[in-house]
$ cat data-v3.csv   # CSV, C-alpha atoms
chain,number,residue,atom,x,y,z
A,26,MET,CA,0.0,0.0,0.0
A,27,GLN,CA,1.5,3.3,-1.1
A,28,ASP,CA,2.0,6.1,1.3
A,29,THR,CA,-0.4,9.0,0.9
A,30,PRO,CA,1.6,11.9,-0.7
A,31,PRO,CA,1.9,15.1,1.4
A,32,SER,CA,-0.5,17.9,0.6
A,33,VAL,CA,0.6,20.8,-1.5
A,34,PRO,CA,1.7,23.6,0.9
A,35,ASP,CA,-0.2,26.8,1.3
A,36,PHE,CA,2.5,29.0,-0.3
A,37,THR,CA,1.4,27.6,-3.7
A,38,GLN,CA,-1.6,29.9,-3.3
A,39,TRP,CA,0.5,33.0,-2.7
A,40,PRO,CA,0.4,35.7,-5.4
A,41,SER,CA,4.2,35.5,-5.5
A,42,PHE,CA,4.3,31.8,-6.4
A,43,PRO,CA,5.4,31.6,-10.0
A,44,PHE,CA,3.4,28.5,-11.1
A,45,GLU,CA,-0.3,27.4,-11.3
A,46,GLY,CA,-2.2,24.3,-12.2
A,47,ASP,CA,-2.0,20.8,-10.8
A,48,LEU,CA,1.1,20.4,-8.6
A,49,ARG,CA,2.5,17.3,-6.9
A,50,VAL,CA,5.1,17.1,-4.1
A,51,LYS,CA,8.1,15.0,-4.9
A,52,PRO,CA,8.9,12.1,-2.6
A,53,LEU,CA,12.0,12.6,-0.4
A,54,ASP,CA,15.0,10.4,-1.1
A,55,GLU,CA,16.6,8.5,1.6
A,56,PRO,CA,19.3,10.4,3.5
A,57,VAL,CA,22.9,9.6,2.6
A,58,PRO,CA,25.3,8.6,5.4
A,59,VAL,CA,28.1,10.9,4.1
A,60,GLU,CA,27.5,14.0,2.1
A,61,PRO,CA,29.8,14.6,-0.9
A,62,PRO,CA,32.4,17.3,-0.7
A,63,ARG,CA,31.5,20.7,-2.1
A,64,ARG,CA,33.7,22.6,-4.5
A,65,GLY,CA,36.8,23.7,-2.6
A,66,GLU,CA,36.6,20.8,-0.2
A,67,GLY,CA,38.7,17.6,-0.1
A,68,HIS,CA,40.4,17.2,-3.5
A,69,ARG,CA,37.9,19.4,-5.4
A,70,GLU,CA,39.2,22.6,-6.9
A,71,CYS,CA,37.8,25.9,-5.8
A,72,THR,CA,36.3,28.0,-8.6
A,73,ALA,CA,36.5,31.3,-6.7
A,74,CYS,CA,40.2,30.8,-5.7
A,75,ASN,CA,41.2,30.0,-9.3
A,76,ALA,CA,39.3,33.0,-10.8
A,77,PRO,CA,41.4,36.0,-11.9
A,78,ASP,CA,40.4,39.5,-10.9
A,79,GLU,CA,39.3,40.2,-14.5
A,80,ALA,CA,36.3,37.9,-14.0
A,81,TYR,CA,34.9,40.4,-11.4
A,82,ILE,CA,33.2,43.8,-11.7
A,83,TRP,CA,35.0,45.1,-8.6
A,84,VAL,CA,37.9,43.9,-6.5
A,85,GLY,CA,39.4,45.0,-3.2
A,86,GLU,CA,42.0,43.8,-0.8
A,87,ARG,CA,39.9,41.2,0.9
A,88,TRP,CA,36.6,41.1,-1.2
A,89,ARG,CA,35.5,40.7,-4.8
A,90,VAL,CA,32.1,41.2,-6.5
A,91,ARG,CA,31.1,39.2,-9.7
A,92,ALA,CA,28.1,39.0,-11.9
A,93,MET,CA,26.4,36.4,-14.0
A,94,ASP,CA,27.9,35.7,-17.4
A,95,ARG,CA,25.0,37.4,-19.2
A,96,PRO,CA,21.8,39.4,-18.4
A,97,THR,CA,19.0,37.7,-16.5
A,98,GLY,CA,15.4,38.6,-15.7
A,99,LEU,CA,16.2,40.8,-12.8
A,100,PRO,CA,17.8,44.3,-13.0
A,101,MET,CA,20.8,43.0,-11.2
A,102,VAL,CA,22.2,39.8,-9.7
A,103,LEU,CA,25.6,40.0,-8.0
A,104,ILE,CA,27.8,37.8,-5.8
A,105,LEU,CA,30.0,39.0,-3.0
A,106,GLU,CA,33.0,36.7,-2.3
A,107,SER,CA,35.9,36.8,0.1
A,108,ARG,CA,39.4,36.5,-1.3
A,109,SER,CA,40.3,34.0,1.5
A,110,HIS,CA,39.1,30.5,1.1
A,111,LEU,CA,36.7,30.6,4.1
A,112,ASP,CA,33.1,29.7,4.7
A,113,LEU,CA,30.7,32.0,6.6
A,114,GLY,CA,31.3,30.3,10.0
A,115,ASP,CA,35.1,30.3,9.5
A,116,LEU,CA,35.5,34.1,9.2
A,117,PRO,CA,37.8,35.8,11.7
A,118,ASN,CA,36.5,38.8,13.5
A,119,LEU,CA,38.0,41.3,11.0
A,120,LEU,CA,36.4,39.7,8.0
A,121,ALA,CA,33.1,39.1,9.9
A,122,ALA,CA,32.9,42.8,10.6
A,123,GLU,CA,33.8,43.7,7.1
A,124,LEU,CA,31.2,41.3,5.7
A,125,GLY,CA,28.5,43.4,7.4
A,126,VAL,CA,30.0,46.6,6.0
A,127,MET,CA,30.3,45.2,2.5
A,128,THR,CA,26.8,43.7,2.6
A,129,VAL,CA,25.3,47.1,3.4
A,130,ARG,CA,27.5,48.9,0.9
A,131,LEU,CA,26.6,46.6,-1.9
A,132,GLU,CA,22.9,46.6,-1.1
A,133,ARG,CA,22.9,50.4,-1.2
A,134,ALA,CA,24.8,50.4,-4.5
A,135,ILE,CA,22.3,48.1,-6.2
A,136,ARG,CA,19.3,49.9,-4.7
A,137,SER,CA,20.6,53.2,-6.2
A,138,LEU,CA,19.9,51.8,-9.7
A,139,ASP,CA,16.9,53.1,-11.6
A,140,GLY,CA,13.9,50.7,-11.3
A,141,VAL,CA,15.1,48.8,-8.2
A,142,ALA,CA,12.8,48.6,-5.2
A,143,ARG,CA,14.4,46.1,-2.9
A,144,VAL,CA,17.6,44.0,-2.8
A,145,HIS,CA,17.3,40.4,-1.4
A,146,VAL,CA,20.5,39.0,0.2
A,147,ASN,CA,20.9,35.3,0.2
A,148,ARG,CA,23.5,32.7,1.3
A,149,TRP,CA,23.1,29.1,0.3
A,150,GLY,CA,26.5,27.5,0.0
A,151,ASP,CA,25.6,23.8,-0.7
A,152,GLY,CA,27.6,23.8,-3.9
A,153,SER,CA,30.8,25.7,-2.9
A,154,ALA,CA,32.8,25.9,0.3
A,155,HIS,CA,34.0,29.4,-0.6
A,156,LEU,CA,31.9,32.1,1.0
A,157,HIS,CA,29.6,33.8,-1.6
A,158,MET,CA,26.6,36.0,-0.8
A,159,TRP,CA,23.9,36.5,-3.4
A,160,PHE,CA,22.3,40.0,-4.1
A,161,LEU,CA,19.1,40.0,-6.1
A,162,ALA,CA,17.4,43.2,-7.1
A,163,ARG,CA,13.6,43.3,-7.3
A,164,PRO,CA,12.1,45.6,-10.0
A,165,TYR,CA,10.1,48.5,-8.7
A,166,GLY,CA,6.3,48.1,-8.9
A,167,ARG,CA,6.5,44.3,-9.5
A,168,LEU,CA,4.6,43.4,-6.3
A,169,GLN,CA,4.1,39.8,-7.6
A,170,LEU,CA,7.9,39.3,-7.3
A,171,ARG,CA,8.1,40.1,-3.6
A,172,GLY,CA,9.4,37.5,-1.2
A,173,THR,CA,11.1,34.2,-1.2
A,174,PHE,CA,10.5,33.2,-4.9
A,175,LEU,CA,12.5,36.1,-6.4
A,176,SER,CA,15.3,33.7,-7.5
A,177,LEU,CA,12.7,31.6,-9.4
A,178,TRP,CA,11.3,34.6,-11.2
A,179,ASP,CA,14.8,35.5,-12.3
A,180,SER,CA,14.7,32.3,-14.5
A,181,ILE,CA,11.2,33.0,-15.8
A,182,LEU,CA,11.3,36.7,-16.7
A,183,PRO,CA,12.8,37.8,-20.1
A,184,PRO,CA,16.3,39.1,-19.7
A,185,ILE,CA,17.0,42.8,-19.6
A,186,SER,CA,18.9,44.4,-22.4
A,187,GLU,CA,22.6,43.9,-22.7
A,188,ALA,CA,23.3,47.6,-22.7
A,189,GLN,CA,21.2,48.3,-19.6
A,190,TRP,CA,22.9,45.3,-17.9
A,191,ARG,CA,26.4,46.6,-18.6
A,192,GLU,CA,25.5,50.1,-17.6
A,193,ASN,CA,24.1,48.8,-14.3
A,194,LEU,CA,27.3,46.8,-13.6
A,195,ALA,CA,29.5,49.8,-14.3
A,196,MET,CA,27.4,52.0,-12.0
A,197,VAL,CA,27.6,49.5,-9.1
A,198,ALA,CA,31.4,49.1,-9.6
A,199,ALA,CA,31.9,52.8,-9.6
A,200,TRP,CA,29.8,53.2,-6.5
A,201,LEU,CA,31.9,50.6,-4.7
A,202,ALA,CA,35.1,52.2,-5.9
A,203,GLU,CA,34.2,55.4,-4.1
A,204,PHE,CA,35.1,53.6,-0.9
A,205,GLY,CA,38.2,51.9,-2.3
A,206,GLY,CA,39.1,49.0,-4.4
A,207,ARG,CA,39.2,48.9,-8.2
A,208,PRO,CA,36.2,48.9,-10.6
A,209,LEU,CA,36.6,46.5,-13.6
A,210,ALA,CA,33.2,46.9,-15.3
A,211,GLU,CA,32.7,49.6,-17.9
A,212,PRO,CA,29.6,51.0,-19.5
A,213,PRO,CA,28.6,49.8,-23.0
A,214,ARG,CA,30.4,51.3,-26.0
A,215,ILE,CA,28.7,54.2,-27.7
A,216,GLN,CA,27.9,53.6,-31.3
A,217,TRP,CA,29.3,56.7,-32.9
A,218,GLN,CA,28.6,55.8,-36.5
A,219,ALA,CA,25.0,56.1,-37.5
A,220,PRO,CA,23.5,53.8,-40.2
A,221,SER,CA,23.5,55.3,-43.7
A,222,SER,CA,19.8,54.8,-44.1
A,223,LEU,CA,16.8,53.6,-42.2
A,224,ALA,CA,16.6,50.7,-44.6
A,225,ALA,CA,20.1,49.6,-43.7
A,226,GLN,CA,19.2,49.8,-40.0
A,227,ALA,CA,16.1,47.7,-40.5
A,228,ALA,CA,18.0,45.1,-42.4
A,229,GLY,CA,20.6,44.9,-39.7
A,230,GLU,CA,18.0,44.5,-37.0
A,231,ALA,CA,16.4,41.7,-39.0
A,232,ALA,CA,19.7,39.9,-39.3
A,233,GLU,CA,20.3,39.8,-35.5
A,234,GLU,CA,21.0,36.4,-34.1
A,235,PRO,CA,18.5,34.9,-31.6
A,236,GLU,CA,19.1,35.5,-28.0
A,237,GLU,CA,21.0,33.0,-25.9
A,238,GLU,CA,19.2,31.0,-23.2
A,239,THR,CA,19.0,33.1,-20.1
A,240,ALA,CA,21.3,32.3,-17.1
A,241,SER,CA,19.8,32.4,-13.7
A,242,VAL,CA,20.6,32.2,-10.0
A,243,ILE,CA,19.2,28.6,-9.6
A,244,GLU,CA,21.3,27.5,-12.6
A,245,ALA,CA,24.6,28.8,-11.2
A,246,ALA,CA,27.3,26.2,-11.1
A,247,ASP,CA,28.0,26.8,-7.4
A,248,GLU,CA,24.4,26.0,-6.4
A,249,ILE,CA,23.6,22.9,-8.4
A,250,PRO,CA,23.5,19.8,-6.2
A,251,GLU,CA,25.7,16.9,-7.2
A,252,ALA,CA,22.7,14.7,-8.4
A,253,GLU,CA,21.5,17.4,-10.7
A,254,ALA,CA,25.0,18.3,-11.9
A,255,ALA,CA,25.4,14.7,-13.1
A,256,GLU,CA,22.3,15.0,-15.2
A,257,ALA,CA,22.9,18.5,-16.5
A,258,PRO,CA,26.6,19.3,-16.2
A,259,ALA,CA,27.3,22.9,-15.5
A,260,THR,CA,30.5,24.8,-16.3
A,261,ASP,CA,32.9,25.4,-13.4
A,262,GLU,CA,34.1,28.6,-15.1
A,263,PRO,CA,33.5,31.7,-13.0
A,264,ALA,CA,31.0,34.2,-14.2
A,265,ASN,CA,32.8,36.5,-16.5
A,266,VAL,CA,31.9,40.0,-17.3
A,267,ASP,CA,33.3,41.0,-20.6
A,268,THR,CA,34.5,44.6,-20.5
A,269,PRO,CA,34.2,46.2,-23.9
A,270,ASP,CA,36.9,48.4,-25.2
A,271,LYS,CA,36.4,52.1,-24.9
A,272,ALA,CA,35.0,53.7,-28.0
A,273,GLU,CA,37.6,55.5,-30.0
A,274,GLU,CA,37.1,59.2,-30.3
A,275,PRO,CA,37.0,60.8,-33.7
A,276,ALA,CA,40.3,62.2,-34.8
A,277,ASN,CA,39.1,65.8,-34.5
A,278,ALA,CA,37.0,65.2,-31.4
A,279,GLY,CA,37.5,67.9,-28.8
A,280,ALA,CA,39.6,70.1,-31.1
A,281,PRO,CA,38.0,73.6,-31.8
A,282,GLU,CA,37.3,74.4,-35.4
A,283,LYS,CA,39.5,76.9,-37.0
A,284,ALA,CA,37.8,80.2,-37.4
A,285,GLU,CA,37.3,81.4,-41.0
A,286,GLU,CA,39.5,84.4,-41.8
A,287,PRO,CA,37.6,87.4,-43.2
A,288,ARG,CA,37.9,88.0,-46.9
A,289,GLN,CA,39.8,91.2,-47.8
A,290,THR,CA,37.9,93.6,-50.1
A,291,GLN,CA,39.7,95.9,-52.5
A,292,ALA,CA,39.6,99.5,-51.4
A,293,PRO,CA,38.1,102.0,-53.8
A,294,ARG,CA,40.5,104.2,-55.7
$ encode --input "data-v3.csv" --output "structure tokens"
Amino acid sequence: MQDTPPSVPDFTQWPSFPFEGDLRVKPLDEPVPVEPPRRGEGHRECTACNAPDEAYIWVGERWRVRAMDRPTGLPMVLILESRSHLDLGDLPNLLAAELGVMTVRLERAIRSLDGVARVHVNRWGDGSAHLHMWFLARPYGRLQLRGTFLSLWDSILPPISEAQWRENLAMVAAWLAEFGGRPLAEPPRIQWQAPSSLAAQAAGEAAEEPEEETASVIEAADEIPEAEAAEAPATDEPANVDTPDKAEEPANAGAPEKAEEPRQTQAPR
């Protein structure tokens, strides 16, 4: 005789719950006697320790901030990491105190962006032994996204534009740099050259490649449990924020135009 499955919890009726229709609760697997090592434990390499500073949007003496590898559904998703290979409960008093300061500072930087109402701060840590704190920005006015399901909505919503995403990254990096450290994210490059005609612009837009599949918080390599990782392997590469080259200024940019000399007229005799 089969056990009666547990009833669906009440939160499935909350306005913030992203799904509707018939739902079933998965049966729990039997507990394992020994949990597998996380990344950075045992003989497993640590992704954060092997990542260069160029993979981050801002770096300091003891902390670094990185982003996802491409835009997601939320205005901003960032990860705060310690440089030292320590977990949350292993932090010495100095880093523990700085973690509070960095958390408040990064929350304020993200909340200063246009269209951001709240910033959710999360720490999971089942995938990696290296401390990493998640910062998720909730769009202003989107009351349905309030609460604990914001990370799920990040995978459901269409991604924001590439230009807006890079501009937001540059603004947060510059905001943090006001208190020290080094910003590594730059705003998107300005397109100086306009299309020769509207027809050429329309043809260029029609030839654009389809968008890539959206990355998300719940798909991040550091958070995928071992069982799911075996079914759908995820890359161990750190999230990398490509910093576009600065736009080249025109050769005569910034140089004042030479004043036209007055034409001499012949005096009457």
$ closest_residue --input "data-v3.csv" --among "A:Met196, A:Ala122, A:Cys71, A:Leu131" --to "A:Met158" --atoms "all atoms listed in the file"
A:Leu131
$ residues_around --input "data-v3.csv" --residues "stretch 40-47 of chain A" --least-positions-apart "3" --cutoff "6 Å" --atoms "all atoms listed in the file" --output "MDAnalysis selection string"
chainID A and resid 37 169:170
$ closest_residue --input "data-v3.csv" --among "A:Thr97, A:Ser153, A:Asn118, A:Asn193" --to "A:Leu177" --atoms "all atoms listed in the file"
A:Thr97
$ residues_around --input "data-v3.csv" --residues "A:Arg87" --least-positions-apart "5" --cutoff "10 Å" --atoms "all atoms listed in the file" --output "list of chain:residue names"
A:Glu106, A:Ser107, A:Arg108, A:Ser109, A:Leu120, A:Glu123, A:Leu124, A:Gly206
$ write_last_selection --input "data-v3.csv" --atoms "C-alpha atoms" --output "PDB file, in the frame of the given file"
ATOM      1  CA  GLU A 106      33.000  36.700  -2.300  1.00  0.00           C
ATOM      2  CA  SER A 107      35.900  36.800   0.100  1.00  0.00           C
ATOM      3  CA  ARG A 108      39.400  36.500  -1.300  1.00  0.00           C
ATOM      4  CA  SER A 109      40.300  34.000   1.500  1.00  0.00           C
ATOM      5  CA  LEU A 120      36.400  39.700   8.000  1.00  0.00           C
ATOM      6  CA  GLU A 123      33.800  43.700   7.100  1.00  0.00           C
ATOM      7  CA  LEU A 124      31.200  41.300   5.700  1.00  0.00           C
ATOM      8  CA  GLY A 206      39.100  49.000  -4.400  1.00  0.00           C
TER       9      GLY A 206
END
$ atom_distance --input "data-v3.csv" --atom1 "atom CA of A:Glu192" --atom2 "atom CA of A:Val141"
14.1 Å
$ closest_residue --input "data-v3.csv" --among "A:His155, A:Arg95, A:Lys51, A:Arg207" --to "A:Gln189" --atoms "all atoms listed in the file"
A:Arg95
